[in-house]
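Peer 1: Input file: work03.cif. Contents: mmCIF, C-alpha atoms.
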data_final
loop_
_atom_site.label_atom_id
_atom_site.label_comp_id
_atom_site.auth_asym_id
_atom_site.auth_seq_id
_atom_site.Cartn_x
_atom_site.Cartn_y
_atom_site.Cartn_z
CA MET I 1 0.00 0.00 0.00
CA ASN I 2 1.38 3.41 -0.98
CA VAL I 3 1.04 6.43 1.26
CA ALA I 4 0.85 10.07 0.26
CA ALA I 5 -0.17 13.27 1.97
CA PHE I 6 -2.84 15.36 0.36
CA SER I 7 -3.98 18.82 1.28
CA SER I 8 -7.70 19.19 1.57
CA VAL I 9 -9.50 16.14 2.90
CA SER I 10 -11.09 16.05 6.31
CA PRO I 11 -13.26 13.40 7.93
CA VAL I 12 -15.83 16.02 8.89
CA GLY I 13 -15.64 18.15 5.78
CA PHE I 14 -13.30 19.64 3.27
CA SER I 15 -10.77 22.15 4.49
CA LYS I 16 -8.09 23.72 2.31
CA SER I 17 -6.14 24.69 5.41
CA ASP I 18 -5.61 21.12 6.59
CA THR I 19 -3.39 18.35 5.32
CA HIS I 20 -4.45 14.77 5.95
CA LEU I 21 -3.16 11.38 4.95
CA LEU I 22 -4.85 9.45 2.24
CA PHE I 23 -3.78 5.92 1.49
CA GLY I 24 -3.72 4.54 -2.02
CA SER I 25 -3.31 1.05 -3.33
CA GLY I 26 -2.08 0.47 -6.84
CA PHE I 27 -4.01 -2.75 -7.30
CA ALA I 28 -6.87 -4.25 -5.34
CA PHE I 29 -7.49 -7.22 -7.58
CA PRO I 30 -4.99 -9.93 -8.43
CA SER I 31 -4.90 -10.23 -12.21
CA LYS I 32 -6.66 -13.62 -12.33
CA ARG I 33 -9.27 -13.09 -9.57
CA LEU I 34 -11.96 -10.52 -9.01
CA SER I 35 -11.99 -10.58 -5.24
CA ILE I 36 -10.50 -8.46 -2.52
CA SER I 37 -8.26 -10.48 -0.23
CA SER I 38 -8.54 -10.68 3.55
CA LYS I 39 -5.02 -9.20 3.65
CA ALA I 40 -6.44 -6.00 2.16
CA PHE I 41 -9.04 -5.84 4.94
CA LYS I 42 -6.37 -6.35 7.61
CA SER I 43 -4.39 -3.51 6.04
CA MET I 44 -7.47 -1.32 6.09
CA ALA I 45 -8.08 -2.05 9.75
CA ALA I 46 -4.47 -1.04 10.42
CA LEU I 47 -5.16 2.35 8.84
CA THR I 48 -7.42 3.25 11.75
CA SER I 49 -4.34 3.62 13.94
CA ALA I 50 -2.80 6.00 11.39
CA PRO I 51 -4.10 9.52 10.82
CA ALA I 52 -5.77 8.34 7.59
CA VAL I 53 -9.14 9.67 6.54
CA GLY I 54 -9.48 8.23 3.07
CA LEU I 55 -8.65 5.39 0.75
CA VAL I 56 -8.08 5.57 -3.01
CA VAL I 57 -8.05 2.27 -4.88
CA PRO I 58 -7.80 3.29 -8.54
CA ASP I 59 -8.39 -0.08 -10.18
CA VAL I 60 -11.72 -0.91 -8.54
CA PRO I 61 -14.65 -0.20 -10.85
CA LEU I 62 -17.73 1.35 -9.28
CA GLU I 63 -19.67 -1.90 -9.60
CA LYS I 64 -17.10 -3.74 -7.46
CA THR I 65 -16.91 -1.28 -4.55
CA GLU I 66 -19.69 -2.63 -2.31
CA ILE I 67 -17.49 -4.82 -0.08
CA LEU I 68 -14.69 -2.28 -0.04
CA ARG I 69 -17.18 0.45 0.90
CA MET I 70 -18.56 -1.65 3.79
CA GLU I 71 -15.06 -2.35 5.14
CA SER I 72 -14.05 1.29 4.76
CA SER I 73 -17.16 2.39 6.61
CA LYS I 74 -16.49 -0.05 9.46
CA ASN I 75 -13.06 1.56 9.87
CA ASN I 76 -14.26 5.18 9.50
CA ILE I 77 -12.30 5.60 6.28
CA GLU I 78 -13.81 7.34 3.26
CA LEU I 79 -13.62 5.52 -0.06
CA VAL I 80 -12.66 8.07 -2.71
CA LEU I 81 -13.56 7.20 -6.30
CA LEU I 82 -11.99 8.43 -9.52
CA THR I 83 -13.49 9.85 -12.68
CA THR I 84 -11.48 10.40 -15.85
CA PRO I 85 -11.60 12.41 -19.09
CA THR I 86 -13.04 9.33 -20.85
CA THR I 87 -15.76 8.58 -18.28
CA PRO I 88 -19.22 8.97 -19.88
CA THR I 89 -21.41 11.63 -18.21
CA ASP I 90 -23.98 9.21 -16.74
CA ARG I 91 -21.23 7.04 -15.26
CA MET I 92 -19.41 10.11 -13.92
CA LYS I 93 -22.59 11.11 -12.09
CA SER I 94 -22.85 7.64 -10.52
CA ILE I 95 -19.19 7.73 -9.46
CA VAL I 96 -19.54 11.23 -8.05
CA SER I 97 -22.61 10.19 -6.08
CA ALA I 98 -20.87 7.13 -4.60
CA SER I 99 -17.52 8.78 -3.84
CA GLU I 100 -17.01 9.69 -0.20
CA GLY I 101 -15.24 12.78 1.08
CA PHE I 102 -14.36 14.19 -2.30
CA VAL I 103 -14.16 13.29 -5.97
CA TYR I 104 -10.79 12.49 -7.55
CA LEU I 105 -10.63 13.88 -11.09
CA VAL I 106 -7.90 12.25 -13.14
CA SER I 107 -6.55 15.07 -15.32
CA SER I 108 -5.26 13.02 -18.22
CA VAL I 109 -5.47 9.71 -19.99
CA GLY I 110 -2.51 7.41 -19.39
CA VAL I 111 -0.23 6.78 -16.47
CA THR I 112 0.67 8.96 -13.53
CA GLY I 113 3.72 11.18 -13.72
CA THR I 114 4.72 14.76 -14.23
CA ARG I 115 3.40 16.70 -17.21
CA ILE I 116 4.41 19.95 -18.89
CA ASP I 117 0.93 21.44 -18.55
CA VAL I 118 -2.63 20.58 -17.56
CA SER I 119 -5.10 19.90 -20.36
CA ALA I 120 -7.69 22.64 -20.83
CA ARG I 121 -10.26 19.81 -20.90
CA VAL I 122 -9.92 19.66 -17.10
CA GLN I 123 -11.78 22.97 -16.84
CA THR I 124 -14.85 21.51 -18.59
CA LEU I 125 -14.63 18.29 -16.57
CA LEU I 126 -14.53 20.29 -13.32
CA GLN I 127 -17.61 22.25 -14.37
CA ASP I 128 -19.47 19.04 -15.27
CA ILE I 129 -18.61 17.40 -11.94
CA LYS I 130 -19.50 20.50 -9.94
CA GLN I 131 -22.91 20.56 -11.65
CA ALA I 132 -23.43 16.97 -10.50
CA THR I 133 -22.32 17.33 -6.86
CA SER I 134 -21.50 19.71 -4.05
CA LYS I 135 -18.61 17.47 -2.97
CA PRO I 136 -15.15 18.95 -3.33
CA VAL I 137 -13.12 17.91 -6.35
CA ALA I 138 -9.38 17.24 -6.27
CA VAL I 139 -7.39 16.98 -9.49
CA GLY I 140 -4.53 14.52 -9.85
CA PHE I 141 -2.30 12.79 -12.44
CA GLY I 142 0.38 15.09 -13.74
CA ILE I 143 -0.01 17.84 -11.15
CA SER I 144 3.62 18.60 -10.37
CA LYS I 145 4.22 22.35 -10.38
CA LEU I 146 2.93 25.46 -8.68
CA GLU I 147 1.63 26.65 -12.07
CA HIS I 148 -0.49 23.49 -12.38
CA VAL I 149 -2.05 24.05 -8.96
CA LYS I 150 -2.81 27.70 -9.70
CA GLN I 151 -4.39 26.75 -13.03
CA VAL I 152 -6.71 24.03 -11.69
CA ALA I 153 -7.62 26.21 -8.69
CA GLU I 154 -8.65 28.99 -11.09
CA TRP I 155 -10.79 26.45 -12.93
CA GLY I 156 -12.55 25.50 -9.69
CA ALA I 157 -10.59 22.59 -8.20
CA ASP I 158 -10.86 22.37 -4.43
CA GLY I 159 -7.67 20.36 -4.03
CA VAL I 160 -4.84 18.65 -5.85
CA ILE I 161 -3.25 15.26 -5.62
CA VAL I 162 0.50 15.22 -6.13
CA GLY I 163 2.45 11.98 -6.13
CA SER I 164 5.19 11.56 -8.74
CA ALA I 165 6.66 15.02 -8.17
CA MET I 166 7.00 14.27 -4.44
CA VAL I 167 8.59 10.90 -5.08
CA LYS I 168 11.03 12.50 -7.54
CA LEU I 169 11.90 15.27 -5.09
CA LEU I 170 12.62 12.78 -2.31
CA GLY I 171 14.52 10.48 -4.63
CA GLU I 172 16.84 13.22 -5.84
CA ALA I 173 17.63 14.60 -2.37
CA LYS I 174 21.12 14.07 -0.96
CA SER I 175 19.68 12.88 2.36
CA LEU I 176 16.35 12.01 3.90
CA GLU I 177 16.47 15.14 6.05
CA GLU I 178 17.15 17.34 3.01
CA GLY I 179 14.40 15.61 1.07
CA LEU I 180 11.85 16.08 3.83
CA LYS I 181 12.77 19.75 4.16
CA GLU I 182 12.41 20.24 0.39
CA LEU I 183 9.14 18.32 0.45
CA GLU I 184 7.80 20.58 3.19
CA THR I 185 8.71 23.71 1.24
CA PHE I 186 7.23 22.26 -1.95
CA THR I 187 3.93 21.21 -0.37
CA LYS I 188 3.53 24.53 1.44
CA SER I 189 3.92 26.38 -1.87
CA LEU I 190 1.31 24.15 -3.52
CA LYS I 191 -1.07 24.53 -0.61
CA ALA I 192 -0.72 28.33 -0.69
CA ALA I 193 -1.83 28.32 -4.34
CA LEU I 194 -5.13 26.66 -3.34
CA ILE I 195 -6.05 28.97 -0.51
#
Starting from the coordinates I provided, produce the structure as structure tokens.

Peer 2:
Amino acid sequence: MNVAAFSSVSPVGFSKSDTHLLFGSGFAFPSKRLSISSKAFKSMAALTSAPAVGLVVPDVPLEKTEILRMESSKNNIELVLLTTPTTPTDRMKSIVSASEGFVYLVSSVGVTGTRIDVSARVQTLLQDIKQATSKPVAVGFGISKLEHVKQVAEWGADGVIVGSAMVKLLGEAKSLEEGLKELETFTKSLKAALI
């Protein structure tokens, strides 16, 4: 299970001034089975001792979230669902309705990682999602620079999800201490762009 810190999610509401931990798993389903293992549930129960408020499992389709949602609920963890640029409108509305805490808008088609810029399509997607829900919307996939955060905030995003840029920053640091200090400076600058 991967761990990342995200600014903006709160168990009792959305607050741009807070930073909370959200846990993400790259894969919930083994490639040959469509079931969630008991190991995953044990890991979820362990999250209750961490300051986690949400869980993102990107490879679970909406139709397969019932058990995961029940287990999340038992552990007071919100199950955050993703919508993408290729998600049909009716399906997006179903995902938005079922997502807990906030909606995760994937900004681009493809894999995670840094991008040069954010597609202008994200502005339209944000408007469509905001018409379908009052839940906050966080944009992720390719968000790696202050300019990206400012842009999506201007378009109406309530939060951002940054992963690859943080991993890169930590990986290129000369020491863990230096990396953590750079990470703190970086995240504070991103957070300031949202407020």

Peer 1: Show me the residues around (-11.6, 0.4, -10.5) - criterion: an atom at most 10 Å away, only C-alpha atoms counted - as a PyMOL selection string.

Peer 2: chain I and resi 27-29+56-65+81-83

Peer 1: Write to file, as a PDB file, keeping the file's coordinate frame, the residues of the selection just made, with C-alpha atoms.

Peer 2:
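Writing the result to again.pdb gives the following:
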ATOM      1  CA  PHE I  27      -4.010  -2.750  -7.300  1.00  0.00           C
ATOM      2  CA  ALA I  28      -6.870  -4.250  -5.340  1.00  0.00           C
ATOM      3  CA  PHE I  29      -7.490  -7.220  -7.580  1.00  0.00           C
ATOM      4  CA  VAL I  56      -8.080   5.570  -3.010  1.00  0.00           C
ATOM      5  CA  VAL I  57      -8.050   2.270  -4.880  1.00  0.00           C
ATOM      6  CA  PRO I  58      -7.800   3.290  -8.540  1.00  0.00           C
ATOM      7  CA  ASP I  59      -8.390  -0.080 -10.180  1.00  0.00           C
ATOM      8  CA  VAL I  60     -11.720  -0.910  -8.540  1.00  0.00           C
ATOM      9  CA  PRO I  61     -14.650  -0.200 -10.850  1.00  0.00           C
ATOM     10  CA  LEU I  62     -17.730   1.350  -9.280  1.00  0.00           C
ATOM     11  CA  GLU I  63     -19.670  -1.900  -9.600  1.00  0.00           C
ATOM     12  CA  LYS I  64     -17.100  -3.740  -7.460  1.00  0.00           C
ATOM     13  CA  THR I  65     -16.910  -1.280  -4.550  1.00  0.00           C
ATOM     14  CA  LEU I  81     -13.560   7.200  -6.300  1.00  0.00           C
ATOM     15  CA  LEU I  82     -11.990   8.430  -9.520  1.00  0.00           C
ATOM     16  CA  THR I  83     -13.490   9.850 -12.680  1.00  0.00           C
TER      17      THR I  83
END

Peer 1: Could you check how far CA of Ser99 (chain I) sits from CA of Gln127 (chain I), in Å to one decimal?

Peer 2: 17.1 Å

Peer 1: In Å, rounded to a single decimal, give me how far CA of Leu55 (chain I) is from CA of Thr86 (chain I).

Peer 2: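 Straight-line distance from CA of Thr86 (chain I) to CA of Leu55 (chain I) works out to 22.4 Å.
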